[in-house]
$ cat run_31.csv   # CSV, C-alpha atoms
chain,number,residue,atom,x,y,z
A,569,MET,CA,-19.5,-5.2,2.9
A,570,ILE,CA,-19.5,-7.1,-0.4
A,571,ALA,CA,-17.1,-10.0,-0.9
A,572,PRO,CA,-14.8,-8.7,-3.6
A,573,LEU,CA,-14.2,-5.6,-1.5
A,574,GLU,CA,-13.6,-7.5,1.7
A,575,ASP,CA,-11.2,-9.8,-0.2
A,576,LEU,CA,-9.3,-6.7,-1.4
A,577,LEU,CA,-9.2,-5.1,2.1
A,578,ALA,CA,-7.9,-8.4,3.6
A,579,THR,CA,-5.3,-8.8,0.9
A,580,LEU,CA,-4.1,-5.2,1.1
A,581,SER,CA,-3.9,-5.6,4.9
A,582,ARG,CA,-1.3,-8.4,4.4
A,583,LEU,CA,1.1,-5.9,2.9
A,584,PRO,CA,3.8,-4.5,5.2
A,585,GLY,CA,2.9,-1.2,6.8
A,586,ILE,CA,-0.7,-1.4,5.6
A,587,GLY,CA,-3.3,-1.4,8.3
A,588,ARG,CA,-7.1,-1.6,7.9
A,589,ARG,CA,-7.5,2.1,7.5
A,590,SER,CA,-4.8,2.4,4.9
A,591,ALA,CA,-6.2,-0.6,3.1
A,592,GLU,CA,-9.6,1.1,2.9
A,593,ARG,CA,-8.1,4.3,1.5
A,594,ILE,CA,-6.3,2.2,-1.2
A,595,ALA,CA,-9.3,0.1,-2.0
A,596,PHE,CA,-11.6,3.0,-2.5
A,597,PHE,CA,-9.0,4.8,-4.6
A,598,LEU,CA,-8.8,1.7,-6.8
A,599,LEU,CA,-12.6,1.5,-7.0
A,600,ALA,CA,-12.8,5.2,-7.9
A,601,LYS,CA,-10.0,4.9,-10.5
A,602,PRO,CA,-10.2,1.5,-12.2
A,603,GLU,CA,-7.3,2.4,-14.5
A,604,GLU,CA,-5.1,2.5,-11.4
A,605,GLY,CA,-6.1,-1.1,-10.6
A,606,ARG,CA,-5.3,-2.2,-14.1
A,607,ARG,CA,-2.0,-0.5,-14.0
A,608,LEU,CA,-1.2,-2.3,-10.7
A,609,THR,CA,-2.2,-5.6,-12.2
A,610,ALA,CA,0.0,-5.0,-15.2
A,611,THR,CA,3.0,-4.2,-13.1
A,612,LEU,CA,2.4,-7.1,-10.8
A,613,ALA,CA,2.5,-9.3,-13.9
A,614,GLY,CA,5.9,-7.8,-14.7
A,615,LEU,CA,7.3,-9.3,-11.5
A,616,ASP,CA,7.3,-12.7,-13.2
A,617,ARG,CA,10.0,-11.3,-15.5
A,618,ILE,CA,12.4,-10.6,-12.6
A,619,THR,CA,15.0,-13.3,-12.1
A,620,ARG,CA,18.3,-13.4,-10.2
A,621,CYS,CA,21.7,-12.6,-11.7
A,622,PRO,CA,23.5,-16.0,-12.0
A,623,ARG,CA,26.7,-14.4,-10.9
A,624,CYS,CA,25.9,-12.1,-7.9
A,625,GLY,CA,22.2,-12.9,-7.1
A,626,ASN,CA,21.0,-9.3,-7.7
A,627,PHE,CA,17.6,-8.8,-9.4
A,628,ALA,CA,17.9,-9.1,-13.2
A,629,THR,CA,15.6,-9.6,-16.1
A,630,ASP,CA,17.7,-11.7,-18.4
A,631,GLY,CA,21.1,-13.2,-17.6
A,632,PRO,CA,23.6,-11.2,-15.6
A,633,CYS,CA,22.4,-8.0,-13.8
A,634,ALA,CA,23.2,-4.5,-15.0
A,635,ILE,CA,26.1,-4.1,-12.5
A,636,CYS,CA,27.8,-7.4,-13.4
A,637,ARG,CA,27.5,-6.5,-17.1
A,638,ASP,CA,29.0,-3.0,-16.6
A,639,PRO,CA,32.7,-3.2,-17.5
A,640,LYS,CA,33.4,0.0,-15.7
A,641,ARG,CA,32.6,-1.5,-12.3
A,642,ASP,CA,35.6,-2.4,-10.2
A,643,GLY,CA,35.7,-6.2,-10.2
A,644,THR,CA,38.4,-6.4,-7.4
A,645,THR,CA,35.9,-5.3,-4.7
A,646,LEU,CA,32.8,-7.3,-3.8
A,647,CYS,CA,30.1,-5.8,-1.4
A,648,THR,CA,28.3,-8.7,0.2
A,649,VAL,CA,24.7,-8.1,1.2
A,650,ALA,CA,22.0,-10.4,2.6
A,651,ARG,CA,19.2,-9.4,0.2
A,652,PRO,CA,19.1,-8.0,-3.4
A,653,TRP,CA,16.9,-5.0,-2.3
A,654,GLU,CA,19.8,-3.7,-0.2
A,655,ILE,CA,21.8,-3.1,-3.4
A,656,PRO,CA,19.9,0.0,-4.6
A,657,HIS,CA,20.4,1.7,-1.2
A,658,ILE,CA,24.1,1.3,-1.5
A,659,GLU,CA,24.1,2.4,-5.1
A,660,LYS,CA,22.3,5.6,-4.2
A,661,THR,CA,25.1,6.7,-2.0
A,662,GLY,CA,27.3,7.1,-5.1
A,663,GLU,CA,30.3,5.9,-2.9
A,664,TYR,CA,30.7,2.5,-4.3
A,665,ARG,CA,32.0,1.4,-7.7
A,666,GLY,CA,32.7,-2.3,-7.1
A,667,ARG,CA,30.4,-5.3,-7.6
A,668,TYR,CA,28.1,-7.1,-5.3
A,669,HIS,CA,27.4,-10.6,-3.9
A,670,VAL,CA,24.0,-11.5,-2.5
A,671,LEU,CA,24.0,-14.1,0.3
A,672,GLY,CA,20.3,-14.7,0.1
A,673,GLY,CA,19.9,-14.3,3.9
A,674,LEU,CA,21.9,-14.4,7.1
A,675,ILE,CA,23.0,-17.2,9.4
A,676,SER,CA,20.3,-17.6,11.9
A,677,PRO,CA,20.4,-20.4,14.6
A,678,SER,CA,16.8,-19.5,15.6
A,679,GLN,CA,15.5,-20.1,12.0
A,680,ASP,CA,17.9,-23.0,11.4
A,681,ILE,CA,19.7,-21.2,8.6
A,682,GLY,CA,23.4,-22.1,8.3
A,683,PRO,CA,26.2,-21.2,5.9
A,684,ASP,CA,25.2,-24.0,3.5
A,685,ASP,CA,21.8,-22.3,3.0
A,686,LEU,CA,23.5,-19.1,1.8
A,687,ALA,CA,25.6,-18.3,-1.3
A,688,VAL,CA,28.9,-18.6,0.6
A,689,ALA,CA,30.5,-21.3,-1.6
A,690,SER,CA,29.9,-19.1,-4.7
A,691,LEU,CA,31.4,-16.1,-2.9
A,692,VAL,CA,34.6,-18.0,-2.1
A,693,GLU,CA,34.6,-19.3,-5.7
A,694,ARG,CA,34.2,-15.7,-7.1
A,695,VAL,CA,37.0,-14.4,-4.9
A,696,LYS,CA,39.3,-17.1,-6.3
A,697,VAL,CA,38.3,-16.8,-9.9
A,698,GLU,CA,37.6,-13.1,-10.4
A,699,GLY,CA,40.8,-11.7,-8.7
A,700,VAL,CA,38.9,-10.1,-5.9
A,701,ARG,CA,41.1,-8.2,-3.5
A,702,GLU,CA,38.5,-6.9,-0.9
A,703,VAL,CA,35.2,-8.2,0.3
A,704,ILE,CA,33.0,-5.6,2.1
A,705,LEU,CA,30.5,-7.1,4.5
A,706,ALA,CA,27.4,-4.9,4.4
A,707,LEU,CA,25.4,-6.9,6.9
A,708,GLU,CA,23.0,-5.6,9.6
A,709,PRO,CA,24.7,-5.0,12.9
A,710,LYS,CA,22.5,-7.4,14.8
A,711,LEU,CA,23.0,-11.0,16.0
A,712,ASP,CA,22.4,-12.8,12.7
A,713,GLY,CA,24.5,-10.3,10.7
A,714,ASP,CA,27.4,-10.5,13.2
A,715,LEU,CA,27.3,-14.4,13.1
A,716,THR,CA,27.3,-14.2,9.3
A,717,ALA,CA,30.2,-11.7,9.3
A,718,MET,CA,32.2,-13.9,11.7
A,719,HIS,CA,31.7,-17.0,9.5
A,720,LEU,CA,32.6,-15.1,6.3
A,721,LEU,CA,35.7,-13.7,7.9
A,722,ARG,CA,36.8,-17.2,8.8
A,723,VAL,CA,36.4,-18.5,5.3
A,724,LEU,CA,37.7,-15.4,3.4
A,725,LYS,CA,40.8,-14.5,5.5
A,726,PRO,CA,42.7,-17.6,4.5
A,727,LEU,CA,42.4,-16.5,0.9
A,728,GLY,CA,44.7,-13.6,1.6
A,729,ILE,CA,42.3,-10.8,0.8
A,730,ALA,CA,41.1,-7.8,2.7
A,731,VAL,CA,37.7,-8.2,4.5
A,732,SER,CA,36.0,-5.1,5.8
A,733,GLN,CA,32.7,-4.2,7.2
A,734,LEU,CA,30.6,-1.0,7.1
A,735,ALA,CA,31.5,1.6,9.7
A,736,HIS,CA,29.1,2.0,12.6
A,737,GLY,CA,27.4,5.0,10.9
A,738,ILE,CA,24.3,2.8,10.8
A,739,PRO,CA,22.2,3.1,13.9
A,740,VAL,CA,22.7,-0.2,15.8
A,741,GLY,CA,19.6,-2.4,15.9
A,742,ARG,CA,18.0,-0.8,12.8
A,743,ASP,CA,17.5,-2.2,9.3
A,744,LEU,CA,20.0,-1.4,6.6
A,745,GLU,CA,17.2,0.2,4.6
A,746,SER,CA,16.4,2.7,7.4
A,747,ALA,CA,19.8,4.4,7.0
A,748,ASP,CA,19.7,7.6,4.8
A,749,GLU,CA,22.1,7.9,1.8
A,750,LEU,CA,24.5,10.2,3.7
A,751,THR,CA,24.8,7.8,6.7
A,752,LEU,CA,25.2,4.8,4.4
A,753,GLY,CA,27.7,6.6,2.3
A,754,ARG,CA,29.8,7.5,5.4
A,755,ALA,CA,29.5,3.9,6.6
A,756,LEU,CA,31.0,2.7,3.3
A,757,LYS,CA,33.8,5.3,3.3
A,758,GLY,CA,34.7,4.6,6.9
A,759,ARG,CA,34.5,0.8,6.7
A,760,THR,CA,36.8,-0.9,9.2
A,761,GLN,CA,39.3,-3.7,8.4
A,762,LEU,CA,38.6,-7.0,10.1
B,359,MET,CA,17.2,-0.7,-10.7
B,360,ILE,CA,15.6,-3.0,-13.2
B,361,ALA,CA,12.5,-1.8,-15.2
B,362,PRO,CA,9.8,-4.2,-13.8
B,363,LEU,CA,10.8,-3.2,-10.3
B,364,GLU,CA,10.9,0.5,-11.1
B,365,ASP,CA,7.5,0.2,-12.7
B,366,LEU,CA,6.1,-1.5,-9.6
B,367,LEU,CA,7.6,1.1,-7.2
B,368,ALA,CA,6.2,3.9,-9.4
B,369,THR,CA,2.8,2.3,-9.5
B,370,LEU,CA,2.7,1.6,-5.8
B,371,SER,CA,3.7,5.2,-5.1
B,372,ARG,CA,0.6,6.4,-6.9
B,373,LEU,CA,-1.6,4.8,-4.2
B,374,PRO,CA,-2.8,7.1,-1.4
B,375,GLY,CA,-0.6,7.1,1.7
B,376,ILE,CA,2.2,5.2,0.0
B,377,GLY,CA,5.5,7.0,-0.3
B,378,ARG,CA,8.7,5.8,-1.9
B,379,ARG,CA,9.9,4.0,1.2
B,380,SER,CA,6.5,2.2,1.8
B,381,ALA,CA,6.5,1.3,-1.9
B,382,GLU,CA,9.9,-0.3,-1.5
B,383,ARG,CA,8.8,-2.3,1.5
B,384,ILE,CA,5.8,-3.6,-0.3
B,385,ALA,CA,7.6,-4.3,-3.6
B,386,PHE,CA,10.3,-6.4,-1.8
B,387,PHE,CA,7.7,-8.2,0.2
B,388,LEU,CA,6.0,-9.1,-3.1
B,389,LEU,CA,9.3,-10.2,-4.6
B,390,ALA,CA,10.1,-12.4,-1.6
B,391,LYS,CA,6.6,-13.9,-1.5
B,392,PRO,CA,5.3,-14.3,-5.1
B,393,GLU,CA,2.2,-16.0,-3.7
B,394,GLU,CA,1.2,-12.6,-2.2
B,395,GLY,CA,1.5,-10.9,-5.5
B,396,ARG,CA,-0.7,-13.6,-7.1
B,397,ARG,CA,-3.3,-13.1,-4.3
B,398,LEU,CA,-3.3,-9.4,-4.9
B,399,THR,CA,-3.7,-9.8,-8.7
B,400,ALA,CA,-6.6,-12.2,-8.1
B,401,THR,CA,-8.4,-9.8,-5.7
B,402,LEU,CA,-7.8,-6.9,-8.1
B,403,ALA,CA,-9.6,-9.0,-10.8
B,404,GLY,CA,-12.5,-9.3,-8.4
B,405,LEU,CA,-13.0,-5.5,-8.5
B,406,ASP,CA,-14.5,-6.0,-12.0
B,407,ARG,CA,-17.4,-7.8,-10.3
B,408,ILE,CA,-18.3,-4.8,-8.3
B,409,THR,CA,-21.2,-2.8,-9.7
B,410,ARG,CA,-23.5,-0.1,-8.2
B,411,CYS,CA,-26.9,-0.8,-6.7
B,412,PRO,CA,-29.4,0.5,-9.2
B,413,ARG,CA,-31.6,1.8,-6.4
B,414,CYS,CA,-29.2,3.5,-3.9
B,415,GLY,CA,-25.8,3.6,-5.6
B,416,ASN,CA,-24.1,1.5,-3.0
B,417,PHE,CA,-21.5,-1.1,-4.0
B,418,ALA,CA,-23.2,-4.3,-5.2
B,419,THR,CA,-22.2,-7.4,-7.1
B,420,ASP,CA,-25.5,-8.2,-8.8
B,421,GLY,CA,-28.6,-6.1,-8.8
B,422,PRO,CA,-29.6,-4.3,-5.7
B,423,CYS,CA,-27.2,-4.1,-2.8
B,424,ALA,CA,-27.5,-6.1,0.4
B,425,ILE,CA,-29.0,-3.2,2.3
B,426,CYS,CA,-31.7,-2.5,-0.3
B,427,ARG,CA,-32.5,-6.2,-0.4
B,428,ASP,CA,-32.8,-6.5,3.4
B,429,PRO,CA,-36.6,-6.3,4.2
B,430,LYS,CA,-35.8,-5.6,7.9
B,431,ARG,CA,-34.2,-2.2,7.0
B,432,ASP,CA,-36.4,0.8,7.7
B,433,GLY,CA,-37.4,2.1,4.3
B,434,THR,CA,-38.9,5.4,5.7
B,435,THR,CA,-35.4,6.8,6.5
B,436,LEU,CA,-32.7,7.5,3.9
B,437,CYS,CA,-29.2,8.4,4.8
B,438,THR,CA,-27.6,10.4,2.0
B,439,VAL,CA,-23.9,10.1,1.5
B,440,ALA,CA,-21.5,11.5,-1.2
B,441,ARG,CA,-19.6,8.2,-1.8
B,442,PRO,CA,-20.5,4.5,-1.4
B,443,TRP,CA,-17.4,3.8,0.8
B,444,GLU,CA,-18.9,6.1,3.5
B,445,ILE,CA,-21.7,3.5,4.0
B,446,PRO,CA,-19.6,0.9,5.9
B,447,HIS,CA,-18.4,3.5,8.3
B,448,ILE,CA,-22.0,4.4,9.2
B,449,GLU,CA,-23.0,0.7,9.3
B,450,LYS,CA,-20.3,0.0,11.8
B,451,THR,CA,-21.8,2.4,14.3
B,452,GLY,CA,-24.8,0.0,14.7
B,453,GLU,CA,-27.0,3.1,15.2
B,454,TYR,CA,-28.7,3.1,11.8
B,455,ARG,CA,-31.4,0.8,10.5
B,456,GLY,CA,-32.6,2.8,7.6
B,457,ARG,CA,-31.5,2.7,3.9
B,458,TYR,CA,-29.0,4.8,2.0
B,459,HIS,CA,-28.8,7.1,-1.0
B,460,VAL,CA,-25.4,7.7,-2.7
B,461,LEU,CA,-25.1,11.1,-4.4
B,462,GLY,CA,-21.9,10.2,-6.3
B,463,GLY,CA,-20.1,13.3,-5.1
B,464,LEU,CA,-20.8,16.8,-3.8
B,465,ILE,CA,-21.7,20.1,-5.4
B,466,SER,CA,-18.4,21.8,-6.1
B,467,PRO,CA,-18.2,25.2,-7.9
B,468,SER,CA,-14.4,24.9,-8.1
B,469,GLN,CA,-14.7,21.5,-9.9
B,470,ASP,CA,-17.8,22.6,-11.9
B,471,ILE,CA,-20.0,19.9,-10.3
B,472,GLY,CA,-23.6,20.9,-10.0
B,473,PRO,CA,-26.8,19.2,-8.7
B,474,ASP,CA,-27.4,17.7,-12.2
B,475,ASP,CA,-24.1,15.8,-11.9
B,476,LEU,CA,-25.3,14.1,-8.8
B,477,ALA,CA,-28.1,11.6,-8.0
B,478,VAL,CA,-30.5,14.3,-6.7
B,479,ALA,CA,-33.4,13.6,-9.1
B,480,SER,CA,-33.4,9.9,-8.1
B,481,LEU,CA,-33.3,10.9,-4.4
B,482,VAL,CA,-36.4,13.1,-4.9
B,483,GLU,CA,-38.0,10.2,-6.9
B,484,ARG,CA,-37.3,7.7,-4.1
B,485,VAL,CA,-38.7,10.1,-1.4
B,486,LYS,CA,-42.0,10.3,-3.4
B,487,VAL,CA,-42.3,6.6,-4.4
B,488,GLU,CA,-40.9,4.8,-1.3
B,489,GLY,CA,-42.8,6.6,1.4
B,490,VAL,CA,-39.7,8.2,2.9
B,491,ARG,CA,-40.4,10.3,5.9
B,492,GLU,CA,-36.8,11.5,6.8
B,493,VAL,CA,-33.7,12.1,4.8
B,494,ILE,CA,-30.5,12.3,6.9
B,495,LEU,CA,-27.7,14.3,5.2
B,496,ALA,CA,-24.4,12.6,6.1
B,497,LEU,CA,-22.2,15.1,4.2
B,498,GLU,CA,-18.8,16.4,5.2
B,499,PRO,CA,-19.0,19.7,7.2
B,500,LYS,CA,-16.9,21.6,4.6
B,501,LEU,CA,-17.8,24.0,1.8
B,502,ASP,CA,-18.9,21.4,-0.8
B,503,GLY,CA,-20.8,19.4,1.8
B,504,ASP,CA,-22.6,22.5,3.1
B,505,LEU,CA,-23.5,23.7,-0.4
B,506,THR,CA,-24.9,20.2,-1.2
B,507,ALA,CA,-26.9,20.1,2.1
B,508,MET,CA,-28.4,23.5,1.3
B,509,HIS,CA,-29.4,22.5,-2.2
B,510,LEU,CA,-30.9,19.2,-0.9
B,511,LEU,CA,-32.8,21.0,1.9
B,512,ARG,CA,-34.3,23.3,-0.8
B,513,VAL,CA,-35.6,20.4,-3.0
B,514,LEU,CA,-36.6,18.1,-0.2
B,515,LYS,CA,-38.4,20.4,2.3
B,516,PRO,CA,-41.4,21.1,-0.1
B,517,LEU,CA,-42.1,17.3,-0.1
B,518,GLY,CA,-43.2,17.7,3.5
B,519,ILE,CA,-40.6,15.3,5.0
B,520,ALA,CA,-38.0,15.7,7.8
B,521,VAL,CA,-34.5,16.6,6.6
B,522,SER,CA,-31.7,16.2,9.2
B,523,GLN,CA,-28.0,16.3,9.3
B,524,LEU,CA,-25.3,14.6,11.4
B,525,ALA,CA,-24.6,16.3,14.7
B,526,HIS,CA,-21.3,18.1,14.9
B,527,GLY,CA,-19.7,15.2,16.7
B,528,ILE,CA,-17.5,15.0,13.6
B,529,PRO,CA,-14.4,17.1,13.9
B,530,VAL,CA,-15.0,20.1,11.5
B,531,GLY,CA,-12.7,20.1,8.5
B,532,ARG,CA,-11.9,16.4,8.7
B,533,ASP,CA,-13.1,13.6,6.3
B,534,LEU,CA,-16.1,11.5,7.3
B,535,GLU,CA,-13.8,8.5,7.2
B,536,SER,CA,-11.6,9.9,9.9
B,537,ALA,CA,-14.3,9.8,12.6
B,538,ASP,CA,-14.2,6.8,14.9
B,539,GLU,CA,-17.4,4.6,15.3
B,540,LEU,CA,-18.4,6.2,18.6
B,541,THR,CA,-18.2,9.7,17.3
B,542,LEU,CA,-20.0,8.8,14.1
B,543,GLY,CA,-22.6,7.0,16.1
B,544,ARG,CA,-23.2,10.0,18.4
B,545,ALA,CA,-23.4,12.3,15.4
B,546,LEU,CA,-26.1,10.0,14.0
B,547,LYS,CA,-28.1,9.9,17.3
B,548,GLY,CA,-27.8,13.7,17.8
B,549,ARG,CA,-28.6,14.7,14.2
B,550,THR,CA,-30.2,18.1,14.1
B,551,GLN,CA,-33.4,19.0,12.2
B,552,LEU,CA,-33.0,21.5,9.4
$ encode --input "run_31.csv" --output "structure tokens"
Amino acid sequence: MIAPLEDLLATLSRLPGIGRRSAERIAFFLLAKPEEGRRLTATLAGLDRITRCPRCGNFATDGPCAICRDPKRDGTTLCTVARPWEIPHIEKTGEYRGRYHVLGGLISPSQDIGPDDLAVASLVERVKVEGVREVILALEPKLDGDLTAMHLLRVLKPLGIAVSQLAHGIPVGRDLESADELTLGRALKGRTQL
Amino acid sequence: MIAPLEDLLATLSRLPGIGRRSAERIAFFLLAKPEEGRRLTATLAGLDRITRCPRCGNFATDGPCAICRDPKRDGTTLCTVARPWEIPHIEKTGEYRGRYHVLGGLISPSQDIGPDDLAVASLVERVKVEGVREVILALEPKLDGDLTAMHLLRVLKPLGIAVSQLAHGIPVGRDLESADELTLGRALKGRTQL
């Protein structure tokens, strides 16, 4: 097979969930429809415009994200997530009207990631400055998520606020993204006090 | 969700086999690893270098394709396929040492595609000029493939050459690409005379 096509197949195969056969289907689709390749190139260029919200760490295009800019959001509740792409999943449930805080990861002894590598200090600062009354921990119910939750509980409890976590509507051992809207919504409603 | 991300999700969802959930996984992977996005952009740019072989219609980068340039290939046998991306699948069987001819599609009354829309005249010309003794029809065993095979048989038989088709090792009603190498190899070996 010719080099540009082999390169494309190899690159597509690096994407999550794309095997060799899927890569071939996509490559031949792009060869048959060059306009789709140009569209993909243009949208990939758009990724450079994506920055992080200086306040909460959510995806943004310029300054604070849409949720932080929205005056109708409840600023007394912060939902803490590991990664910004978990926010749209929680938004889709329609159960949450507070704001968010993105940690940028989870505490992970195996990957040598500690609290100082995460946006924990800024979370504490926001709680103090923004009049936050409750922090919801929306972290995956696995080792790293539990370690992170324990650490956050330890630093947040002395501030005299409520700290809660999602109810175990989420299947244990699965990613946050794998939960459907209904399950995730119930997990939010039934969140348990820590 | 922010516009550049929505655009990317929408564009990825247009690719074959990519649903909304797969598109999200890929988009967040690209956001987390910008170097993968740049790699993909670079390989997409490489698609512009892909042309068609002026002789057989296979993918090429400059002039005739690698198979047409290879003097060790048997020029007396032509395997006729609808699309160039079917060639690598046949090559992988290791059963075929002849050359190829790409029709550019199949006769399709429903899509108003007739013999004049396909590379049929150039196939007849090659048979006459290149001393071809056998044309193998590797066309999908569905309506359009059968119609195309019937037409090709009609125009090729008067030239006094053998015309064969792939044996029915290929599951009927499935795409050529879905056959594994072994099945496709057996279908080639057991091709039936028409």
$ closest_residue --input "run_31.csv" --among "B:Pro473, B:Leu367, B:Ile376, B:Gly404" --to "chain A" --atoms "all atoms listed in the file"
B:Gly404
$ residues_near_point --input "run_31.csv" --point "(27.7, -7.9, -4.2)" --cutoff "10 Å" --atoms "only C-alpha atoms" --output "CSV table (one decimal) with C-alpha atoms, in the frame of the given file"
chain,number,residue,atom,x,y,z
A,623,ARG,CA,26.7,-14.4,-10.9
A,624,CYS,CA,25.9,-12.1,-7.9
A,625,GLY,CA,22.2,-12.9,-7.1
A,626,ASN,CA,21.0,-9.3,-7.7
A,635,ILE,CA,26.1,-4.1,-12.5
A,636,CYS,CA,27.8,-7.4,-13.4
A,645,THR,CA,35.9,-5.3,-4.7
A,646,LEU,CA,32.8,-7.3,-3.8
A,647,CYS,CA,30.1,-5.8,-1.4
A,648,THR,CA,28.3,-8.7,0.2
A,649,VAL,CA,24.7,-8.1,1.2
A,650,ALA,CA,22.0,-10.4,2.6
A,651,ARG,CA,19.2,-9.4,0.2
A,652,PRO,CA,19.1,-8.0,-3.4
A,654,GLU,CA,19.8,-3.7,-0.2
A,655,ILE,CA,21.8,-3.1,-3.4
A,666,GLY,CA,32.7,-2.3,-7.1
A,667,ARG,CA,30.4,-5.3,-7.6
A,668,TYR,CA,28.1,-7.1,-5.3
A,669,HIS,CA,27.4,-10.6,-3.9
A,670,VAL,CA,24.0,-11.5,-2.5
A,671,LEU,CA,24.0,-14.1,0.3
A,691,LEU,CA,31.4,-16.1,-2.9
A,703,VAL,CA,35.2,-8.2,0.3
A,704,ILE,CA,33.0,-5.6,2.1
A,705,LEU,CA,30.5,-7.1,4.5
A,706,ALA,CA,27.4,-4.9,4.4
$ closest_residue --input "run_31.csv" --among "B:Ala525, B:Ile448, B:Ala390, B:Cys423" --to "Thr409 in chain B" --atoms "only C-alpha atoms"
B:Cys423
$ interface_residues --input "run_31.csv" --of "chain A" --to "chain B" --cutoff "8 Å" --atoms "all atoms listed in the file" --output "PyMOL selection string"
chain A and resi 569-570+572-573+575-576+579-580+583-585+590+593-594+596-597+599+605+607-609+611-612+614-615+617-618+627-629+634+653+656
$ write_last_selection --input "run_31.csv" --atoms "C-alpha atoms" --output "short mmCIF file (atom, residue, chain, number, x, y, z; two decimals), keeping the file's coordinate frame"
data_model
loop_
_atom_site.label_atom_id
_atom_site.label_comp_id
_atom_site.auth_asym_id
_atom_site.auth_seq_id
_atom_site.Cartn_x
_atom_site.Cartn_y
_atom_site.Cartn_z
CA MET A 569 -19.50 -5.20 2.90
CA ILE A 570 -19.50 -7.10 -0.40
CA PRO A 572 -14.80 -8.70 -3.60
CA LEU A 573 -14.20 -5.60 -1.50
CA ASP A 575 -11.20 -9.80 -0.20
CA LEU A 576 -9.30 -6.70 -1.40
CA THR A 579 -5.30 -8.80 0.90
CA LEU A 580 -4.10 -5.20 1.10
CA LEU A 583 1.10 -5.90 2.90
CA PRO A 584 3.80 -4.50 5.20
CA GLY A 585 2.90 -1.20 6.80
CA SER A 590 -4.80 2.40 4.90
CA ARG A 593 -8.10 4.30 1.50
CA ILE A 594 -6.30 2.20 -1.20
CA PHE A 596 -11.60 3.00 -2.50
CA PHE A 597 -9.00 4.80 -4.60
CA LEU A 599 -12.60 1.50 -7.00
CA GLY A 605 -6.10 -1.10 -10.60
CA ARG A 607 -2.00 -0.50 -14.00
CA LEU A 608 -1.20 -2.30 -10.70
CA THR A 609 -2.20 -5.60 -12.20
CA THR A 611 3.00 -4.20 -13.10
CA LEU A 612 2.40 -7.10 -10.80
CA GLY A 614 5.90 -7.80 -14.70
CA LEU A 615 7.30 -9.30 -11.50
CA ARG A 617 10.00 -11.30 -15.50
CA ILE A 618 12.40 -10.60 -12.60
CA PHE A 627 17.60 -8.80 -9.40
CA ALA A 628 17.90 -9.10 -13.20
CA THR A 629 15.60 -9.60 -16.10
CA ALA A 634 23.20 -4.50 -15.00
CA TRP A 653 16.90 -5.00 -2.30
CA PRO A 656 19.90 0.00 -4.60
#
$ atom_distance --input "run_31.csv" --atom1 "CA of Pro422 in chain B" --atom2 "CA of Val521 in chain B"
24.7 Å
$ atom_distance --input "run_31.csv" --atom1 "CA of Asp474 in chain B" --atom2 "CA of Gly503 in chain B"
15.6 Å
$ residues_around --input "run_31.csv" --residues "Leu686 in chain A" --least-positions-apart "4" --cutoff "8 Å" --atoms "all atoms listed in the file" --output "list in words"
Leu671, Gly672, Gly673, Leu674, Ile675 and Gly682 of chain A
$ atom_distance --input "run_31.csv" --atom1 "CA of Arg701 in chain A" --atom2 "CA of Arg637 in chain A"
19.3 Å
$ decode --input "run_31.csv" --residues "range 415-442 of chain B" --atoms "C-alpha atoms" --output "mmCIF file, in the first residue's frame"
data_model
loop_
_atom_site.group_PDB
_atom_site.id
_atom_site.type_symbol
_atom_site.label_atom_id
_atom_site.label_comp_id
_atom_site.auth_asym_id
_atom_site.auth_seq_id
_atom_site.Cartn_x
_atom_site.Cartn_y
_atom_site.Cartn_z
ATOM 1 C CA GLY B 415 -6.943 3.061 -11.460
ATOM 2 C CA ASN B 416 -5.266 1.849 -8.251
ATOM 3 C CA PHE B 417 -4.061 4.397 -5.692
ATOM 4 C CA ALA B 418 -0.666 5.820 -6.626
ATOM 5 C CA THR B 419 1.480 8.779 -5.667
ATOM 6 C CA ASP B 420 3.167 9.539 -8.990
ATOM 7 C CA GLY B 421 2.432 7.906 -12.331
ATOM 8 C CA PRO B 422 1.681 4.177 -12.468
ATOM 9 C CA CYS B 423 1.003 2.299 -9.225
ATOM 10 C CA ALA B 424 3.510 -0.069 -7.618
ATOM 11 C CA ILE B 425 1.731 -3.142 -9.017
ATOM 12 C CA CYS B 426 1.700 -1.840 -12.614
ATOM 13 C CA ARG B 427 5.391 -0.885 -12.296
ATOM 14 C CA ASP B 428 6.363 -4.328 -10.941
ATOM 15 C CA PRO B 429 7.785 -6.352 -13.908
ATOM 16 C CA LYS B 430 7.358 -9.596 -11.941
ATOM 17 C CA ARG B 431 3.550 -9.330 -11.941
ATOM 18 C CA ASP B 432 1.779 -11.510 -14.475
ATOM 19 C CA GLY B 433 0.405 -9.134 -17.099
ATOM 20 C CA THR B 434 -1.753 -11.796 -18.751
ATOM 21 C CA THR B 435 -4.245 -11.836 -15.858
ATOM 22 C CA LEU B 436 -6.326 -8.837 -14.772
ATOM 23 C CA CYS B 437 -8.371 -8.837 -11.578
ATOM 24 C CA THR B 438 -11.238 -6.386 -11.965
ATOM 25 C CA VAL B 439 -12.494 -4.627 -8.829
ATOM 26 C CA ALA B 440 -15.039 -1.884 -8.229
ATOM 27 C CA ARG B 441 -12.873 0.265 -5.912
ATOM 28 C CA PRO B 442 -9.114 0.680 -5.348
#
